[in-house]
Protein chains: 2
Amino acid sequence: MVTALGERLVRSAAAVDGPAGRLSDVRHWFRERAAADTSRVEVIPFAELRGWSFAADTHNLVHETGRFFSVEGLRVRMPGAPVERWTQPILHQPEIGILGILVKDFGGVPHFLMQAKMEPGNHGGLQLSPTVQATRSNYTRVHRGRAVPYVEYFRRPDRHRVLADVRQSEQGTWFFRKRNRNMLVEVAADEDVEVRDGFHWLTLGQLHRLLAEEDLVNMDARSVLAGLPAMPGGGRSGERGSVHRTADILSWITGLRSDREVVTERIPLRATDRWHRTEGRISHESGRYFSVMAVDVRAGGREVGGWTQPMIEPHGPGVAAFLLACPGGVPHVLVQARAEPGYTDVVELAPTVQCTPRNYAQLPGAAAQRFLDEVTGAPPERVRFDTVLSEEGGRFYHAFNRYLVVESAMDIVPPDDPDFRWMSLHQLLELIPHSHYLNVEARTLMACLHSVLAN
Amino acid sequence: MVTALGERLVRSAAAVDGPAGRLSDVRHWFRERAAADTSRVEVIPFAELRGWSFAADTHNLVHETGRFFSVEGLRVRMPGAPVERWTQPILHQPEIGILGILVKDFGGVPHFLMQAKMEPGNHGGLQLSPTVQATRSNYTRVHRGRAVPYVEYFRRPDRHRVLADVRQSEQGTWFFRKRNRNMLVEVAADEDVEVRDGFHWLTLGQLHRLLAEEDLVNMDARSVLAGLPAMPGGGRSGERGSVHRTADILSWITGLRSDREVVTERIPLRATDRWHRTEGRISHESGRYFSVMAVDVRAGGREVGGWTQPMIEPHGPGVAAFLLACPGGVPHVLVQARAEPGYTDVVELAPTVQCTPRNYAQLPGAAAQRFLDEVTGAPPERVRFDTVLSEEGGRFYHAFNRYLVVESAMDIVPPDDPDFRWMSLHQLLELIPHSHYLNVEARTLMACLHSVLAN
């Protein structure tokens, strides 16, 4: 019998040792997979890329098929921002891929089918990934590759029970308007689903435990899990108990999206200013931000062959944190309205703090640094979550963020601050089924908050 | 005392003769305004435009200040559509304007401050318009014009009670990604609001009566009224009683937006194919679709001076209709997922039927014609709403649509039709606070449905 989803998720969050296996079994399985993975990733000069080259006219870094993605230039104008004009390299990948997690009930407890997947940007090799993580070229088999396992559940979700299906943005400083479809699809409890090599059913409780371990649950998995339409800690209750009315929150977002100017123009990579290319890197002359570089991947285990590809390597780890408060027992986080040049719609809701501290060292007091001290200097008893996690390992090389949830007083920000609002988690849950409200870092923290509040 | 909005709207919908005036008073006021309006609109050749000219290189029709809007070209590719490739002229107006209606309680009954406003495209001169209808250049007074009355309520809505504030699209066949901010802002019942010349407080009941009269309530007013966050016929109840789960509806939309290709490219007006310019019109060689033309406006009444401007004149009236069914007493409409080249996000939810019948006469059986017979051939007892209304009179010259709501059986469409879904009105109400779900024709029909169901 299907009971209300919120109650079922409570059971799943409580099940650290579930009907389909104990947490120690999951760890054992994952360690075995990791041990068997003999893939190797090597940083190479651009000249050793196979199938990739710099176009003669634009110097864009493109694949010979015109597919996958390309590294191009972007000119940005953001009047009023700490830096108002700049150019930069950016990844252009117009296809909308699928990030999907299959859900199935075992003994009344929802389980999530996760994959132990190697990606070249991962520091430790394997990470826990969604059931399906595929670009459109992948799953439509344009490249005549092997079929993507389980993709049929996500290409015809109407044959199953859709829990979530929404296009969401990814890093707006590195991607130009990249979106992926984030899906949670539940199959009937009596439907047979073959567990293929490299896959495992996990409870939410198991995922929550593993989420608190460094560098283990990958970005795509976090993004999809954030889309759970109910809190494992309770049902949806809309704006009740929230410090701001939802209509006021939406009006704040609409106002910013109407009034704030973010003008972007795709330009040839050659036309970026102060970015210089060496044999193996394209970097900013200040040494800040990130480099474009290239890797050679030799896939091990049961995977066949290998490939080379360009990647983005950020310079220095970032910090992404939500300040948390619970007025009247209702959890709220301090949300930042943040403009990034690659966003589809001007601003998205971001963590309270989201920055790579080292990039801002030479700027005058910028919004990106606000509340950084509150977060990194908080006494341990206020820190509810603190784990270093990786960003997408298919495009970003060793891209780490320290994700934190830190308790705070509410009066550290005025109620009508132009860039910040306290929002209840229930209000965020109501926005998550719609595109382009929560940015990818905020979605990671939503998944973390689920884990914090379920305990 | 502020009671729940739904209940207050029921009272307002029931108040045809309200505490702030009777319907006959409103009619009398409007007739007097119309009689006093001595403005004249004359169709002129392009050469008589003042301040507007065709750019030497592109032939785009632009204003000398670079402001207002421009007439440019658009190249469209929609694989799978009845016509897969075409070029056309299109209006480009990147600024986000404000369409706002001020709301105030008189004797416990919410009233809406409406303006009797002349616009050059209106057939009869004046129409009932929102409190504020202003482009950004207008209200920031870039042109040093007179201040826009009441705009301060909408520029600082956080000082009042926001009922709705959302950017919505307009006609995607005539505008390129045009959005306006649709706002309903309520002032405190004890706050004095001066009623300026040309303005009047109306109840919802009065608006509903006038909405059923031809060509009286303008498009912007209908679009804003559609944003009422509660049904005058009852509270919000989410997906209860709906034939599809909301998650399934959202998945259907996400699937279409991910898979359907709509590729547009802004091109010089000169580069449009099969469109020809004469002294006074730019028209398609088939005589179908629309023309770009120009008018000279001599403003009368208390307005000062006049102006000239280009406009779009559609060829032949259109039909926009929702089929309506009430399974289990829950009103549902048959929603179409419709791609128009000017939309920001691939498809929007449109009326069951939306077409200019004459444009499709020579095409093979196209989706745009589906259900047209059910709508126009319905017996009178099934027709719940049937009124000819105008589209935006500031840009479109004599642009009429016949808006209908027609009762229907539900089984005229399979539940998994790729382009259509039955959605409950409560489900539509939950989407209306978010941008780019309901297109402008569907929003007009939502306002009409409010009026139908309130009675």
# chains A, B, ... in the order shown; residues from 1 in each chain; ligands from 1
>>> closest_atom_pairs(of="chain A", to="chain B", cutoff="7 Å", atoms="only C-alpha atoms", output="JSON lines")
{"residue": "A:Ile96", "atom": "CA", "partner": "B:Ser258", "partner_atom": "CA", "distance": 6.0}
{"residue": "A:Asp158", "atom": "CA", "partner": "B:Asp248", "partner_atom": "CA", "distance": 6.9}
{"residue": "A:Val162", "atom": "CA", "partner": "B:Asp248", "partner_atom": "CA", "distance": 6.2}
{"residue": "A:Leu163", "atom": "CA", "partner": "B:Ala247", "partner_atom": "CA", "distance": 6.3}
{"residue": "A:Ala164", "atom": "CA", "partner": "B:Ala247", "partner_atom": "CA", "distance": 6.3}
{"residue": "A:Asp165", "atom": "CA", "partner": "B:Ser251", "partner_atom": "CA", "distance": 5.1}
{"residue": "A:Val166", "atom": "CA", "partner": "B:Thr254", "partner_atom": "CA", "distance": 5.9}
{"residue": "A:Arg167", "atom": "CA", "partner": "B:Thr254", "partner_atom": "CA", "distance": 6.7}
{"residue": "A:Ala247", "atom": "CA", "partner": "B:Val162", "partner_atom": "CA", "distance": 6.2}
{"residue": "A:Asp248", "atom": "CA", "partner": "B:Val162", "partner_atom": "CA", "distance": 6.2}
{"residue": "A:Leu250", "atom": "CA", "partner": "B:Asp165", "partner_atom": "CA", "distance": 6.8}
{"residue": "A:Ser251", "atom": "CA", "partner": "B:Asp165", "partner_atom": "CA", "distance": 5.0}
{"residue": "A:Thr254", "atom": "CA", "partner": "B:Val166", "partner_atom": "CA", "distance": 5.9}
{"residue": "A:Ser258", "atom": "CA", "partner": "B:Ile96", "partner_atom": "CA", "distance": 6.0}
>>> select_by_dssp(residues="range 55-269 of chain A", states="alpha helix (DSSP H)", output="short mmCIF file (atom, residue, chain, number, x, y, z; two decimals) with all heavy atoms, in the first residue's frame")
data_model
loop_
_atom_site.label_atom_id
_atom_site.label_comp_id
_atom_site.auth_asym_id
_atom_site.auth_seq_id
_atom_site.Cartn_x
_atom_site.Cartn_y
_atom_site.Cartn_z
N ARG A 136 22.00 13.99 -23.52
CA ARG A 136 21.03 13.60 -24.53
C ARG A 136 21.69 12.77 -25.63
O ARG A 136 21.12 11.77 -26.09
CB ARG A 136 20.39 14.86 -25.12
CG ARG A 136 19.17 14.62 -25.91
CD ARG A 136 18.54 15.95 -26.32
NE ARG A 136 17.67 15.74 -27.46
CZ ARG A 136 16.46 15.21 -27.38
NH1 ARG A 136 15.98 14.86 -26.21
NH2 ARG A 136 15.75 15.01 -28.45
N SER A 137 22.90 13.16 -26.05
CA SER A 137 23.62 12.37 -27.07
C SER A 137 23.85 10.95 -26.57
O SER A 137 23.73 9.99 -27.32
CB SER A 137 24.98 13.00 -27.39
OG SER A 137 24.83 14.33 -27.78
N ASN A 138 24.18 10.84 -25.28
CA ASN A 138 24.33 9.54 -24.63
C ASN A 138 23.11 8.67 -24.80
O ASN A 138 23.16 7.57 -25.33
CB ASN A 138 24.42 9.75 -23.11
CG ASN A 138 25.82 9.69 -22.56
OD1 ASN A 138 26.02 10.03 -21.43
ND2 ASN A 138 26.79 9.28 -23.35
N TYR A 139 21.98 9.18 -24.29
CA TYR A 139 20.84 8.29 -24.14
C TYR A 139 20.06 8.13 -25.44
O TYR A 139 19.30 7.20 -25.61
CB TYR A 139 19.94 8.67 -22.95
CG TYR A 139 19.21 9.98 -23.01
CD1 TYR A 139 18.10 10.15 -23.81
CD2 TYR A 139 19.61 11.04 -22.20
CE1 TYR A 139 17.41 11.34 -23.82
CE2 TYR A 139 18.94 12.24 -22.22
CZ TYR A 139 17.83 12.39 -23.03
OH TYR A 139 17.16 13.58 -23.04
N VAL A 151 17.73 3.81 -18.44
CA VAL A 151 17.26 5.10 -18.97
C VAL A 151 15.80 5.05 -19.39
O VAL A 151 15.10 6.06 -19.40
CB VAL A 151 18.17 5.60 -20.12
CG1 VAL A 151 17.89 4.85 -21.42
CG2 VAL A 151 18.02 7.09 -20.34
N GLU A 152 15.30 3.84 -19.70
CA GLU A 152 13.91 3.72 -20.17
C GLU A 152 12.92 4.19 -19.10
O GLU A 152 11.85 4.71 -19.42
CB GLU A 152 13.61 2.28 -20.61
CG GLU A 152 13.70 1.21 -19.53
CD GLU A 152 15.12 0.68 -19.28
OE1 GLU A 152 16.09 1.31 -19.79
OE2 GLU A 152 15.26 -0.33 -18.58
N TYR A 153 13.27 4.05 -17.82
CA TYR A 153 12.36 4.53 -16.76
C TYR A 153 12.21 6.05 -16.80
O TYR A 153 11.20 6.60 -16.37
CB TYR A 153 12.89 4.13 -15.38
CG TYR A 153 12.88 2.64 -15.14
CD1 TYR A 153 14.04 1.88 -15.28
CD2 TYR A 153 11.70 1.99 -14.78
CE1 TYR A 153 14.03 0.50 -15.07
CE2 TYR A 153 11.67 0.62 -14.57
CZ TYR A 153 12.84 -0.11 -14.72
OH TYR A 153 12.82 -1.47 -14.51
N PHE A 154 13.23 6.72 -17.29
CA PHE A 154 13.23 8.19 -17.26
C PHE A 154 12.81 8.80 -18.59
O PHE A 154 12.45 9.96 -18.65
CB PHE A 154 14.61 8.69 -16.82
CG PHE A 154 14.99 8.15 -15.47
CD1 PHE A 154 15.77 7.01 -15.35
CD2 PHE A 154 14.49 8.75 -14.33
CE1 PHE A 154 16.08 6.49 -14.10
CE2 PHE A 154 14.79 8.23 -13.07
CZ PHE A 154 15.59 7.09 -12.97
N ARG A 155 12.85 7.99 -19.65
CA ARG A 155 12.37 8.49 -20.93
C ARG A 155 10.86 8.32 -21.04
O ARG A 155 10.23 9.02 -21.82
CB ARG A 155 13.08 7.76 -22.08
CG ARG A 155 14.58 8.04 -22.03
CD ARG A 155 15.20 7.95 -23.39
NE ARG A 155 14.69 8.96 -24.29
CZ ARG A 155 14.94 8.98 -25.59
NH1 ARG A 155 15.66 8.03 -26.12
NH2 ARG A 155 14.46 9.94 -26.34
N LEU A 204 17.21 6.24 2.44
CA LEU A 204 17.56 7.65 2.66
C LEU A 204 18.48 7.78 3.87
O LEU A 204 19.41 8.59 3.87
CB LEU A 204 16.25 8.42 2.89
CG LEU A 204 16.21 9.89 2.56
CD1 LEU A 204 16.78 10.19 1.20
CD2 LEU A 204 14.75 10.40 2.64
N GLY A 205 18.26 6.94 4.89
CA GLY A 205 19.12 6.98 6.07
C GLY A 205 20.56 6.66 5.71
O GLY A 205 21.50 7.30 6.20
N GLN A 206 20.73 5.70 4.83
CA GLN A 206 22.10 5.35 4.39
C GLN A 206 22.70 6.50 3.58
O GLN A 206 23.87 6.87 3.77
CB GLN A 206 22.06 4.05 3.56
CG GLN A 206 21.74 2.84 4.43
CD GLN A 206 21.35 1.61 3.64
OE1 GLN A 206 21.11 1.67 2.42
NE2 GLN A 206 21.26 0.47 4.32
N LEU A 207 21.90 7.06 2.69
CA LEU A 207 22.40 8.19 1.89
C LEU A 207 22.78 9.36 2.80
O LEU A 207 23.79 10.04 2.58
CB LEU A 207 21.34 8.62 0.87
CG LEU A 207 21.24 7.71 -0.35
CD1 LEU A 207 19.94 7.95 -1.11
CD2 LEU A 207 22.44 7.95 -1.28
N HIS A 208 21.97 9.61 3.81
CA HIS A 208 22.28 10.72 4.73
C HIS A 208 23.60 10.49 5.45
O HIS A 208 24.39 11.42 5.60
CB HIS A 208 21.14 10.89 5.74
CG HIS A 208 19.91 11.50 5.13
ND1 HIS A 208 18.69 11.49 5.77
CD2 HIS A 208 19.71 12.15 3.96
CE1 HIS A 208 17.79 12.11 4.99
NE2 HIS A 208 18.39 12.50 3.90
N ARG A 209 23.84 9.25 5.89
CA ARG A 209 25.12 8.97 6.54
C ARG A 209 26.29 9.20 5.59
O ARG A 209 27.30 9.79 5.95
CB ARG A 209 25.17 7.52 7.05
CG ARG A 209 24.24 7.22 8.19
CD ARG A 209 24.66 7.93 9.47
NE ARG A 209 23.76 7.60 10.55
CZ ARG A 209 23.98 6.64 11.45
NH1 ARG A 209 25.09 5.92 11.40
NH2 ARG A 209 23.11 6.40 12.40
N LEU A 210 26.12 8.74 4.37
CA LEU A 210 27.22 8.82 3.41
C LEU A 210 27.43 10.26 2.91
O LEU A 210 28.54 10.64 2.55
CB LEU A 210 26.97 7.87 2.23
CG LEU A 210 26.88 6.39 2.66
CD1 LEU A 210 26.48 5.52 1.48
CD2 LEU A 210 28.21 5.91 3.26
N LEU A 211 26.35 11.03 2.95
CA LEU A 211 26.45 12.43 2.55
C LEU A 211 27.37 13.21 3.49
O LEU A 211 27.99 14.20 3.09
CB LEU A 211 25.04 13.03 2.59
CG LEU A 211 24.72 14.32 1.89
CD1 LEU A 211 25.15 14.28 0.44
CD2 LEU A 211 23.21 14.60 1.98
N MET A 219 27.73 15.34 -6.97
CA MET A 219 26.88 16.52 -7.10
C MET A 219 25.53 16.20 -7.72
O MET A 219 24.49 16.68 -7.28
CB MET A 219 27.59 17.57 -7.95
CG MET A 219 26.78 18.85 -8.11
SD MET A 219 27.46 19.98 -9.36
CE MET A 219 26.60 19.45 -10.85
N ASP A 220 25.53 15.37 -8.76
CA ASP A 220 24.28 15.07 -9.44
C ASP A 220 23.32 14.34 -8.50
O ASP A 220 22.12 14.61 -8.49
CB ASP A 220 24.55 14.23 -10.69
CG ASP A 220 25.31 15.03 -11.75
OD1 ASP A 220 25.31 16.26 -11.68
OD2 ASP A 220 25.90 14.41 -12.66
N ALA A 221 23.85 13.43 -7.70
CA ALA A 221 23.01 12.72 -6.74
C ALA A 221 22.43 13.70 -5.72
O ALA A 221 21.24 13.64 -5.39
CB ALA A 221 23.82 11.63 -6.03
N ARG A 222 23.25 14.62 -5.24
CA ARG A 222 22.76 15.60 -4.25
C ARG A 222 21.67 16.46 -4.86
O ARG A 222 20.64 16.75 -4.25
CB ARG A 222 23.93 16.47 -3.78
CG ARG A 222 25.02 15.65 -3.10
CD ARG A 222 26.17 16.45 -2.55
NE ARG A 222 26.69 17.54 -3.32
CZ ARG A 222 27.88 17.59 -3.95
NH1 ARG A 222 28.67 16.51 -3.96
NH2 ARG A 222 28.28 18.68 -4.56
N SER A 223 21.90 16.89 -6.12
CA SER A 223 20.93 17.75 -6.78
C SER A 223 19.58 17.06 -6.93
O SER A 223 18.53 17.65 -6.69
CB SER A 223 21.48 18.16 -8.15
OG SER A 223 20.53 18.87 -8.90
N VAL A 224 19.61 15.78 -7.31
CA VAL A 224 18.35 15.05 -7.49
C VAL A 224 17.67 14.81 -6.14
O VAL A 224 16.46 14.99 -6.00
CB VAL A 224 18.59 13.72 -8.22
CG1 VAL A 224 17.30 12.92 -8.33
CG2 VAL A 224 19.16 13.97 -9.62
N LEU A 225 18.46 14.42 -5.14
CA LEU A 225 17.88 14.14 -3.81
C LEU A 225 17.24 15.39 -3.21
O LEU A 225 16.27 15.31 -2.46
CB LEU A 225 18.95 13.59 -2.86
CG LEU A 225 19.41 12.16 -3.17
CD1 LEU A 225 20.61 11.80 -2.31
CD2 LEU A 225 18.26 11.16 -2.94
N THR A 246 4.97 33.86 1.38
CA THR A 246 5.55 33.37 0.12
C THR A 246 5.36 34.41 -0.99
O THR A 246 6.26 34.61 -1.82
CB THR A 246 4.92 32.02 -0.27
OG1 THR A 246 5.21 31.08 0.77
CG2 THR A 246 5.49 31.50 -1.58
N ALA A 247 4.22 35.09 -1.00
CA ALA A 247 3.98 36.12 -2.03
C ALA A 247 5.06 37.21 -1.94
O ALA A 247 5.47 37.77 -2.97
CB ALA A 247 2.59 36.73 -1.88
N ASP A 248 5.50 37.53 -0.73
CA ASP A 248 6.54 38.55 -0.58
C ASP A 248 7.89 38.04 -1.07
O ASP A 248 8.67 38.79 -1.66
CB ASP A 248 6.63 39.00 0.88
CG ASP A 248 5.40 39.80 1.32
OD1 ASP A 248 4.82 40.50 0.46
OD2 ASP A 248 5.03 39.73 2.49
N ILE A 249 8.16 36.77 -0.80
CA ILE A 249 9.41 36.18 -1.30
C ILE A 249 9.42 36.19 -2.83
O ILE A 249 10.40 36.60 -3.47
CB ILE A 249 9.56 34.72 -0.79
CG1 ILE A 249 9.69 34.68 0.73
CG2 ILE A 249 10.71 34.02 -1.49
CD1 ILE A 249 11.04 34.99 1.27
N LEU A 250 8.31 35.77 -3.43
CA LEU A 250 8.25 35.73 -4.90
C LEU A 250 8.37 37.14 -5.48
O LEU A 250 8.99 37.35 -6.52
CB LEU A 250 6.95 35.06 -5.37
CG LEU A 250 6.83 33.56 -5.05
CD1 LEU A 250 5.48 33.02 -5.50
CD2 LEU A 250 7.96 32.76 -5.71
N SER A 251 7.79 38.11 -4.78
CA SER A 251 7.86 39.50 -5.25
C SER A 251 9.31 40.00 -5.18
O SER A 251 9.77 40.71 -6.08
CB SER A 251 6.95 40.37 -4.38
OG SER A 251 6.96 41.70 -4.83
N TRP A 252 10.01 39.62 -4.13
CA TRP A 252 11.43 39.99 -4.02
C TRP A 252 12.22 39.41 -5.20
O TRP A 252 12.99 40.12 -5.86
CB TRP A 252 11.94 39.46 -2.67
CG TRP A 252 13.40 39.49 -2.43
CD1 TRP A 252 14.21 40.59 -2.37
CD2 TRP A 252 14.25 38.34 -2.18
NE1 TRP A 252 15.50 40.19 -2.10
CE2 TRP A 252 15.56 38.83 -1.97
CE3 TRP A 252 14.02 36.97 -2.09
CZ2 TRP A 252 16.63 37.99 -1.70
CZ3 TRP A 252 15.09 36.13 -1.81
CH2 TRP A 252 16.37 36.63 -1.62
N ILE A 253 11.98 38.14 -5.52
CA ILE A 253 12.69 37.52 -6.65
C ILE A 253 12.30 38.20 -7.96
O ILE A 253 13.15 38.53 -8.80
CB ILE A 253 12.38 36.01 -6.72
CG1 ILE A 253 12.85 35.30 -5.44
CG2 ILE A 253 13.01 35.37 -7.94
CD1 ILE A 253 12.35 33.86 -5.30
N THR A 254 11.00 38.41 -8.16
CA THR A 254 10.53 39.05 -9.40
C THR A 254 11.14 40.45 -9.55
O THR A 254 11.56 40.83 -10.65
CB THR A 254 9.00 39.14 -9.41
OG1 THR A 254 8.45 37.82 -9.36
CG2 THR A 254 8.49 39.83 -10.67
N GLY A 255 11.21 41.18 -8.45
CA GLY A 255 11.79 42.52 -8.50
C GLY A 255 13.25 42.47 -8.94
O GLY A 255 13.67 43.22 -9.83
N LEU A 256 14.01 41.57 -8.36
CA LEU A 256 15.43 41.46 -8.72
C LEU A 256 15.58 41.02 -10.17
O LEU A 256 16.43 41.54 -10.91
CB LEU A 256 16.14 40.47 -7.80
CG LEU A 256 16.33 40.94 -6.36
CD1 LEU A 256 16.81 39.79 -5.47
CD2 LEU A 256 17.32 42.09 -6.30
N ARG A 257 14.76 40.06 -10.59
CA ARG A 257 14.88 39.57 -11.97
C ARG A 257 14.42 40.61 -12.97
O ARG A 257 14.83 40.57 -14.13
CB ARG A 257 14.07 38.27 -12.13
CG ARG A 257 14.75 37.08 -11.47
CD ARG A 257 13.96 35.80 -11.66
NE ARG A 257 14.78 34.64 -11.29
CZ ARG A 257 14.33 33.39 -11.23
NH1 ARG A 257 13.07 33.12 -11.52
NH2 ARG A 257 15.13 32.41 -10.88
N SER A 258 13.57 41.54 -12.55
CA SER A 258 13.12 42.59 -13.46
C SER A 258 14.10 43.75 -13.51
O SER A 258 14.27 44.37 -14.56
CB SER A 258 11.75 43.11 -13.01
OG SER A 258 10.80 42.08 -12.97
N ASP A 259 14.72 44.06 -12.38
CA ASP A 259 15.50 45.29 -12.29
C ASP A 259 17.00 45.09 -12.45
O ASP A 259 17.72 46.00 -12.85
CB ASP A 259 15.25 45.99 -10.95
CG ASP A 259 13.80 46.45 -10.83
OD1 ASP A 259 13.14 46.59 -11.88
OD2 ASP A 259 13.34 46.66 -9.69
#
>>> closest_residue(among="A:Phe112, A:Phe290, A:Phe106, A:Trp422", to="Met410 in chain A", atoms="only C-alpha atoms")
A:Trp422
>>> residues_around(residues="range 51-55 of chain A", least_positions_apart="6", cutoff="9 Å", atoms="only C-alpha atoms", output="PDB file with N, CA, C and O atoms, in the first residue's frame")
ATOM      1  N   LEU A  61      37.569  25.721 -28.016  1.00  0.00           N
ATOM      2  CA  LEU A  61      38.011  24.337 -27.886  1.00  0.00           C
ATOM      3  C   LEU A  61      36.793  23.443 -28.124  1.00  0.00           C
ATOM      4  O   LEU A  61      35.870  23.432 -27.315  1.00  0.00           O
ATOM      5  N   VAL A  62      36.811  22.739 -29.267  1.00  0.00           N
ATOM      6  CA  VAL A  62      35.604  22.019 -29.701  1.00  0.00           C
ATOM      7  C   VAL A  62      35.931  20.570 -30.067  1.00  0.00           C
ATOM      8  O   VAL A  62      37.069  20.242 -30.399  1.00  0.00           O
ATOM      9  N   HIS A  63      34.893  19.727 -30.021  1.00  0.00           N
ATOM     10  CA  HIS A  63      35.057  18.340 -30.442  1.00  0.00           C
ATOM     11  C   HIS A  63      34.788  18.234 -31.944  1.00  0.00           C
ATOM     12  O   HIS A  63      33.954  18.968 -32.473  1.00  0.00           O
ATOM     13  N   GLU A  64      35.466  17.325 -32.595  1.00  0.00           N
ATOM     14  CA  GLU A  64      35.352  17.236 -34.058  1.00  0.00           C
ATOM     15  C   GLU A  64      33.938  16.905 -34.522  1.00  0.00           C
ATOM     16  O   GLU A  64      33.539  17.241 -35.628  1.00  0.00           O
ATOM     17  N   THR A  65      33.128  16.274 -33.641  1.00  0.00           N
ATOM     18  CA  THR A  65      31.748  15.950 -34.020  1.00  0.00           C
ATOM     19  C   THR A  65      30.810  17.139 -33.798  1.00  0.00           C
ATOM     20  O   THR A  65      29.651  17.089 -34.189  1.00  0.00           O
ATOM     21  N   THR A 308      39.967  11.320 -23.980  1.00  0.00           N
ATOM     22  CA  THR A 308      40.559  12.557 -23.482  1.00  0.00           C
ATOM     23  C   THR A 308      39.484  13.633 -23.520  1.00  0.00           C
ATOM     24  O   THR A 308      38.528  13.535 -24.280  1.00  0.00           O
ATOM     25  N   GLN A 309      39.630  14.662 -22.684  1.00  0.00           N
ATOM     26  CA  GLN A 309      38.642  15.749 -22.682  1.00  0.00           C
ATOM     27  C   GLN A 309      39.209  16.965 -21.977  1.00  0.00           C
ATOM     28  O   GLN A 309      40.068  16.849 -21.115  1.00  0.00           O
ATOM     29  N   PRO A 310      38.712  18.147 -22.321  1.00  0.00           N
ATOM     30  CA  PRO A 310      39.049  19.334 -21.538  1.00  0.00           C
ATOM     31  C   PRO A 310      38.224  19.356 -20.249  1.00  0.00           C
ATOM     32  O   PRO A 310      37.147  18.759 -20.202  1.00  0.00           O
TER      33      PRO A 310
END
>>> select_by_dssp(residues="range 301-392 of chain A", states="strand (DSSP E)", output="PyMOL selection string")
chain A and resi 306-314+318-325+332-339+347-350+353-355+383-390
>>> residues_around(residues="range 283-289 of chain B", least_positions_apart="4", cutoff="10 Å", atoms="only C-alpha atoms", output="PDB file with C-alpha atoms, in the first residue's frame")
ATOM      1  CA  GLN B  88       8.954  36.700 -39.921  1.00  0.00           C
ATOM      2  CA  PRO B  89       8.991  40.244 -38.580  1.00  0.00           C
ATOM      3  CA  THR B 173       4.154  35.005 -32.360  1.00  0.00           C
ATOM      4  CA  THR B 272      12.957  38.002 -43.828  1.00  0.00           C
ATOM      5  CA  ASP B 273      11.813  35.904 -46.733  1.00  0.00           C
ATOM      6  CA  ARG B 274       8.459  36.322 -48.514  1.00  0.00           C
ATOM      7  CA  TRP B 275       7.653  39.440 -46.476  1.00  0.00           C
ATOM      8  CA  HIS B 276       7.413  42.588 -48.593  1.00  0.00           C
ATOM      9  CA  ARG B 277       7.322  46.234 -47.716  1.00  0.00           C
ATOM     10  CA  THR B 278       5.077  48.780 -49.423  1.00  0.00           C
ATOM     11  CA  MET B 293       1.886  49.210 -40.248  1.00  0.00           C
ATOM     12  CA  GLU B 313      -2.235  44.385 -37.444  1.00  0.00           C
ATOM     13  CA  PRO B 314      -3.341  40.748 -37.486  1.00  0.00           C
ATOM     14  CA  HIS B 315      -5.196  39.478 -40.528  1.00  0.00           C
ATOM     15  CA  GLY B 316      -8.481  38.102 -39.363  1.00  0.00           C
ATOM     16  CA  THR B 356      -6.558  32.405 -36.435  1.00  0.00           C
ATOM     17  CA  ARG B 358      -7.850  31.743 -41.745  1.00  0.00           C
ATOM     18  CA  ASN B 359      -4.090  31.256 -41.355  1.00  0.00           C
ATOM     19  CA  TYR B 360      -4.504  27.503 -41.288  1.00  0.00           C
ATOM     20  CA  ALA B 361      -6.924  27.122 -44.175  1.00  0.00           C
TER      21      ALA B 361
END
>>> closest_residue(among="B:Ile412, B:Met78, B:Ala399, B:Val217", to="Ala325 in chain B", atoms="only C-alpha atoms")
B:Ile412
>>> decode(residues="range 261-265 of chain A", atoms="N, CA, C and O atoms", output="mmCIF file, in the first residue's frame")
data_model
loop_
_atom_site.group_PDB
_atom_site.id
_atom_site.type_symbol
_atom_site.label_atom_id
_atom_site.label_comp_id
_atom_site.auth_asym_id
_atom_site.auth_seq_id
_atom_site.Cartn_x
_atom_site.Cartn_y
_atom_site.Cartn_z
ATOM 1 N N GLU A 261 20.432 44.018 -13.996
ATOM 2 C CA GLU A 261 20.890 43.792 -15.364
ATOM 3 C C GLU A 261 22.061 42.824 -15.387
ATOM 4 O O GLU A 261 23.077 43.059 -14.731
ATOM 5 N N VAL A 262 21.914 41.743 -16.107
ATOM 6 C CA VAL A 262 23.030 40.831 -16.362
ATOM 7 C C VAL A 262 23.058 40.630 -17.879
ATOM 8 O O VAL A 262 22.191 39.973 -18.434
ATOM 9 N N VAL A 263 24.031 41.259 -18.522
ATOM 10 C CA VAL A 263 24.092 41.204 -19.980
ATOM 11 C C VAL A 263 25.258 40.312 -20.373
ATOM 12 O O VAL A 263 26.408 40.575 -19.992
ATOM 13 N N THR A 264 24.972 39.255 -21.106
ATOM 14 C CA THR A 264 26.044 38.346 -21.513
ATOM 15 C C THR A 264 26.052 38.213 -23.022
ATOM 16 O O THR A 264 25.025 38.299 -23.676
ATOM 17 N N GLU A 265 27.237 37.995 -23.527
ATOM 18 C CA GLU A 265 27.392 37.818 -24.970
ATOM 19 C C GLU A 265 28.436 36.736 -25.199
ATOM 20 O O GLU A 265 29.544 36.810 -24.641
#
